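Structure record follows, encoded as structure tokens.
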Amino acid sequence: MNIIIPKIPIGKGVEAVIDFLVYHLSGMTKALSDITETGIDALIDLMLFVPPWVLIVAISLGAWAATKKKGIGFFCLIGFFLIHNMGLWETTVSTLALVCIATLVTIMTGIPLGILAAMNSVVYKITMPVLDFMQTMPAFVYLIPAIPFFGLGKVAAIFSTVIFAMPPSIRLTCLGIKQVPVELVEAADSFGSNRWQKLVKLQIPIATPTIMAGVNQAIMLALSMVVIASMIGAKGLGGEVWKAIQRLQPGKGFEAGLGIVIVAIALDRIMQKIGKGTSAS
Amino acid sequence: MTVKIKVDQLIKVFGKHPEKALRMLEKGAAKDEILKKTKQGVGIANVSFDVQDGEILVVMGLSGSGKSTLVRCINRLIEPTRGRVYVDGQEITTLSPKELRMVRQQKFGMVFQNFALFPHRTVVQNTEYGLEIKGVDKSERHRKALEALELVGLNGWENSYPSQLSGGMQQRVGLARALALDPDILLMDEAFSALDPLIRRDMQDELLNLQKRVRKTIVFISHDLDEALKLGDRIILMKDGEIVQVGTAEEILTSPATDYVAKFVEDVDISKVLTAETIMSKSKAVGYLNHDGPRSALRKMRQADISNLFIVNHDNALQGIIYAEDASAALKNNGKDLTHLIRKDVRTVGPDAPANDLFELIKDISYPLAVVSDERKLKGVIVKGRLLSALAQGGSYS
């Protein structure tokens with residue numbers, strides 16, 4: 001076989017492209033990365049400057065107010081207290097900051113892209129295979145090119161996290177809007193609504209539960225990716241797990257894992273309640 | 001009456017390459033043949049008709065006859081492939097998207113089969129929707145929406161959500177939403193088809209009542225013949241995307257244009273549809289108050305071979321009836337005046353009374369049933385034999 005068909009240089013081609021981009025763009029992306037990293041560090045420092053118990057109580061009260069459920073508030077209070085007790089507070093804050101920023105970027109690009117894909121069949125046809133590709137490519141692979149562009153650290157982690165977490169929010173936004181019954185769209189049309197009015201007054205409100213499911217997915221994926229991204233220096237709870245693996249410390253690993261679970265459950269429940277809340281009004 | 005909507009040679013072909021289908025249509029090919037050869041579905045083919053200002057035009061046909069496509073072509077929810085639609089003389093088919101939106105906001109209100117209410121909005125917010133799109137300010141649109149809701153009898157429900165309402169009430173909201181804009185034209189696409197029969201009948205009655213007050217031009221799509229006959233000032237019957245017959249309920253029932261129409265209408269209870277006006281005949285003779293005396297009245301009866309005579313005044317308003325025996329008795333006593341012979345308790349009926357109700361009225365009187373207008377003008381008479389034969393022959397009399 002090797003004699004008849006020479007190996008197609010896919011890997012080499014990709015490397016050539018990335019080398020080219022790195023050579024020409026990395027100066028800019030690295031600078032951007034430095035600035036962003038400073039910003040993230042400042043945010044984390046600010047969160048750590050506040051006494052932990054103040055922040056824990058504030059988060060719990062915030063969760064209670066947002067969801068109107070006492071249970072979720074209590075869960076946050078006890079969960080985060082436990083994390084603090086395990087000595088993981090600083091790493092958790094760092095993880096929370098990363099997840100929040102990554103999710104924000106994901107939502108802010110994913111939802112508009114999803115809307116665009118729902119309204120324009122050309123965008124849809126281009127987006128969907130790209131999403132398939134993004135979702136099936138092992139997440140670790142995104143880490144490799146992130147390093148030359150952004151250097152080791154949090155920005156590279158956020159970059160690969162955003163790529164990993166974006167597909168569901170695009171897909172679910174697109175699905176939600178496409179699922180708005182044709183008759184309702186016709187009704188809106190029959191009253192002379194323009195595209196924007198249809199989108200804002202009809203399609204987005206009706207698609208909100210589905211869009212919120214996408215946001216929820218994005219958060220969960222971001223959380224799992226932040227752990228993986230600890231391999232390229234994202235630190236945080238994932239970093240603790242990574243350290244425990246390298247040093248073969250099952251106890252430490254379990255504690256850090258438990259911290260991640262607590263953060264995940266808290267974020268998930270809060271987002272789900274907010275999602276349901278918007279759909280009912 | 002002025003023409004409100006004019007539909008001219010409208011064609012809709014579904015598919016990406018309608019040209020070939022259009023050419024085949026011009027040559028008179030059938031829908032099935034075109035579908036087989038070009039894979040293009042013909043929705044409607046060469047449909048032309050007018051809708052008069054203030055009338056209810058029912059477009060009726062079975063599913064797949066193109067009636068829903070037709071109504072959507074009027075406000076271009078579906079883009080016609082060829083042909084023109086005019087509203088108030090303005091050509092709709094050539095409007096830019098922006099102009100089209102303006103026309104939709106100003107002239108059209110649409111009601112949908114499955115209500116198409118916005119589930120995330122309350123009843124009043126639903127009703128306000130069109131006004132909101134039009135840019136009417138908040139307090140004004142709230143006021144108009146409440147008015148529209150009152151018109152359809154839904155006051156008190158404005159803050160409920162559509163899911164909390166029954167089907168009939170939901171469709172009232174749909175109707176209110178269309179009426180809130182005060183459009184000239186209502187497009188109703190199978191508006192009552194999703195409702196239970198009893199509620200459907202209520203809604204039909206209510207629409208007719210409403211129409212008396214608001215006088216809209218209504219294009220009503222239906223697959224239910226009874227509904228069409230009840231609501232339609234005129235009815236368009238469609239089959240395979242083409243118009244088979246246009247006419248009033250009576251015209252369609254009594255002189256069906258094709259076998260298809262005849263088959264369609266054969267199950268209709270004709271006595272429900274025929275009215276006093278369609279069955280009545282001209283009175284063979286009438287007497288005139290202050291003009292005819294007993295002698296001339298008797299002569300008229302003899303000539304017409306009847307035993308009683310309706311008496312009208314110079315305005316043709318019915319005064320009463322005189323019997324031959326009374327007239328001849330008066331003649332023997334040398335009476336010259338008819339006035340005291342006239343019996344005023346004559347049984348009469350309005351022109352719109354359904355034939356079904358006439359039996360009760362006619363069975364125990366010895367004179368013909370007088371059909372009179374609102375001003376008591378004598379329009380015609382119904383004799384028992386005529387009524388029976390009209391009902392017996394159903395469609396084919398006249």
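Letters A, B, ... mark the chains of the structure tokens in the order given; residue numbers begin at 1 per chain; ligand numbers begin at 1, in order shown.
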Return as a tab-separated table the residues of chain B lying at most 6 Å from chain A, together with the closest atom-to-atom pair for each and the distance in Å to one decimal, counting only C-alpha atoms, with rows in chain order and ascending residue number.
```
residue	atom	partner	partner_atom	distance
B:Arg101	CA	A:Gly192	CA	4.2
B:Arg104	CA	A:Gly192	CA	5.1
B:Gln105	CA	A:Gly192	CA	5.2
B:Ala116	CA	A:Leu184	CA	5.0
B:Gly130	CA	A:Phe191	CA	5.4
B:Ile133	CA	A:Ser193	CA	5.9
```
Residues of range 199-302 of chain B in alpha helix (DSSP H), written as a PyMOL selection string: chain B and resi 199-214+225-231+249-254+259-265+270-273+276-279+294-302
Save the residues we just selected, C-alpha atoms, as a tab-separated table (two decimals), in the first residue's frame?
```
chain	number	residue	atom	x	y	z
B	199	ILE	CA	-68.80	25.67	19.63
B	200	ARG	CA	-68.17	25.96	15.91
B	201	ARG	CA	-71.82	26.79	15.36
B	202	ASP	CA	-71.74	29.38	18.13
B	203	MET	CA	-68.68	30.98	16.61
B	204	GLN	CA	-70.30	31.06	13.19
B	205	ASP	CA	-73.34	32.82	14.62
B	206	GLU	CA	-71.09	35.21	16.45
B	207	LEU	CA	-69.09	35.97	13.34
B	208	LEU	CA	-72.30	36.78	11.49
B	209	ASN	CA	-73.43	39.05	14.32
B	210	LEU	CA	-70.05	40.68	14.44
B	211	GLN	CA	-70.07	41.18	10.71
B	212	LYS	CA	-73.33	43.10	11.00
B	213	ARG	CA	-71.57	45.55	13.28
B	214	VAL	CA	-68.10	45.83	11.79
B	225	LEU	CA	-70.06	22.81	3.21
B	226	ASP	CA	-72.59	23.60	5.92
B	227	GLU	CA	-70.28	26.30	7.22
B	228	ALA	CA	-69.80	27.71	3.74
B	229	LEU	CA	-73.54	27.81	3.10
B	230	LYS	CA	-74.20	29.45	6.44
B	231	LEU	CA	-71.53	32.12	6.31
B	249	ALA	CA	-75.37	29.23	-1.60
B	250	GLU	CA	-78.58	28.76	-3.54
B	251	GLU	CA	-76.89	28.94	-6.90
B	252	ILE	CA	-74.43	26.28	-5.93
B	253	LEU	CA	-77.11	24.04	-4.49
B	254	THR	CA	-79.73	24.52	-7.10
B	259	ASP	CA	-70.90	16.75	-11.50
B	260	TYR	CA	-68.23	17.36	-8.88
B	261	VAL	CA	-70.22	20.18	-7.33
B	262	ALA	CA	-73.42	18.18	-7.60
B	263	LYS	CA	-71.82	15.28	-5.78
B	264	PHE	CA	-70.43	17.63	-3.22
B	265	VAL	CA	-73.76	19.17	-2.38
B	270	ILE	CA	-81.76	21.44	1.15
B	271	SER	CA	-84.58	22.60	3.39
B	272	LYS	CA	-82.02	24.28	5.63
B	273	VAL	CA	-80.59	26.27	2.79
B	276	ALA	CA	-88.81	31.66	1.80
B	277	GLU	CA	-87.52	34.05	-0.83
B	278	THR	CA	-86.20	31.29	-3.10
B	279	ILE	CA	-89.38	29.26	-2.93
B	294	PRO	CA	-115.71	44.13	-3.90
B	295	ARG	CA	-116.64	43.71	-7.52
B	296	SER	CA	-113.16	44.16	-9.00
B	297	ALA	CA	-111.69	42.08	-6.20
B	298	LEU	CA	-114.00	39.20	-7.04
B	299	ARG	CA	-113.17	39.52	-10.71
B	300	LYS	CA	-109.45	39.35	-9.97
B	301	MET	CA	-110.00	36.22	-7.90
B	302	ARG	CA	-112.03	34.59	-10.61
```
Atom pair CA of Thr38 in chain A / CA of Ala157 in chain A: separation (Å):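 Distance reported for this atom pair: 14.3 Å.
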12 Å contact set for Gln171 in chain B, only C-alpha atoms, chain neighbours under 3 positions out, as an MDAnalysis selection string: chainID B and resid 110:117 123 126:127 149 152:154 162:163 165:168 174:178 188:196 199:200 202:204 206:207
Writer output for current selection, C-alpha atoms, as an mmCIF file, in the first residue's frame:
```cif
data_model
loop_
_atom_site.group_PDB
_atom_site.id
_atom_site.type_symbol
_atom_site.label_atom_id
_atom_site.label_comp_id
_atom_site.auth_asym_id
_atom_site.auth_seq_id
_atom_site.Cartn_x
_atom_site.Cartn_y
_atom_site.Cartn_z
ATOM 1 C CA MET B 110 -55.630 36.977 9.672
ATOM 2 C CA VAL B 111 -57.130 34.211 11.772
ATOM 3 C CA PHE B 112 -55.586 30.752 11.731
ATOM 4 C CA GLN B 113 -56.917 27.224 11.971
ATOM 5 C CA ASN B 114 -54.970 26.289 15.081
ATOM 6 C CA PHE B 115 -55.308 29.783 16.524
ATOM 7 C CA ALA B 116 -51.555 30.514 16.310
ATOM 8 C CA LEU B 117 -51.622 32.449 19.559
ATOM 9 C CA VAL B 123 -54.493 37.338 26.019
ATOM 10 C CA ASN B 126 -51.604 38.711 22.032
ATOM 11 C CA THR B 127 -54.371 41.062 21.007
ATOM 12 C CA LEU B 149 -61.606 41.648 23.368
ATOM 13 C CA VAL B 152 -65.553 39.037 20.963
ATOM 14 C CA GLY B 153 -66.883 38.706 24.507
ATOM 15 C CA LEU B 154 -63.648 38.026 26.327
ATOM 16 C CA PRO B 162 -53.714 31.190 25.921
ATOM 17 C CA SER B 163 -53.028 27.759 27.423
ATOM 18 C CA LEU B 165 -58.353 29.048 27.684
ATOM 19 C CA SER B 166 -60.633 26.596 25.891
ATOM 20 C CA GLY B 167 -60.402 26.183 22.127
ATOM 21 C CA GLY B 168 -63.366 28.398 21.408
ATOM 22 C CA GLY B 174 -57.319 35.029 17.497
ATOM 23 C CA LEU B 175 -60.272 36.959 16.132
ATOM 24 C CA ALA B 176 -59.724 39.837 18.549
ATOM 25 C CA ARG B 177 -56.064 39.984 17.592
ATOM 26 C CA ALA B 178 -57.063 40.383 13.962
ATOM 27 C CA MET B 188 -59.813 33.429 8.000
ATOM 28 C CA ASP B 189 -58.053 30.184 7.271
ATOM 29 C CA GLU B 190 -60.266 27.322 8.475
ATOM 30 C CA ALA B 191 -60.784 29.495 11.497
ATOM 31 C CA PHE B 192 -63.409 27.273 13.118
ATOM 32 C CA SER B 193 -62.360 23.864 11.836
ATOM 33 C CA ALA B 194 -60.444 22.919 14.963
ATOM 34 C CA LEU B 195 -63.430 23.561 17.231
ATOM 35 C CA ASP B 196 -66.111 21.185 18.506
ATOM 36 C CA ILE B 199 -68.795 25.669 19.629
ATOM 37 C CA ARG B 200 -68.168 25.965 15.913
ATOM 38 C CA ASP B 202 -71.736 29.383 18.131
ATOM 39 C CA MET B 203 -68.682 30.978 16.613
ATOM 40 C CA GLN B 204 -70.302 31.062 13.187
ATOM 41 C CA GLU B 206 -71.094 35.207 16.450
ATOM 42 C CA LEU B 207 -69.092 35.971 13.336
#
```
Thr348 in chain B environment, 10 Å, only C-alpha atoms, sequence neighbours closer than 6 positions dropped, as an MDAnalysis selection string: chainID B and resid 318 361:362 368:373 376 378 381:382
Distance of CA of Ser63 in chain B from CA of Lys27 in chain B, expressed in Å to one decimal place: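 About the pair CA of Lys27 in chain B and CA of Ser63 in chain B: they are 25.5 Å apart.
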Those in range 74-267 of chain B with strand (DSSP E or B) from DSSP, as an MDAnalysis selection string: chainID B and resid 82:87 90:91 108:111 185:189 217:222 234:239 242:247
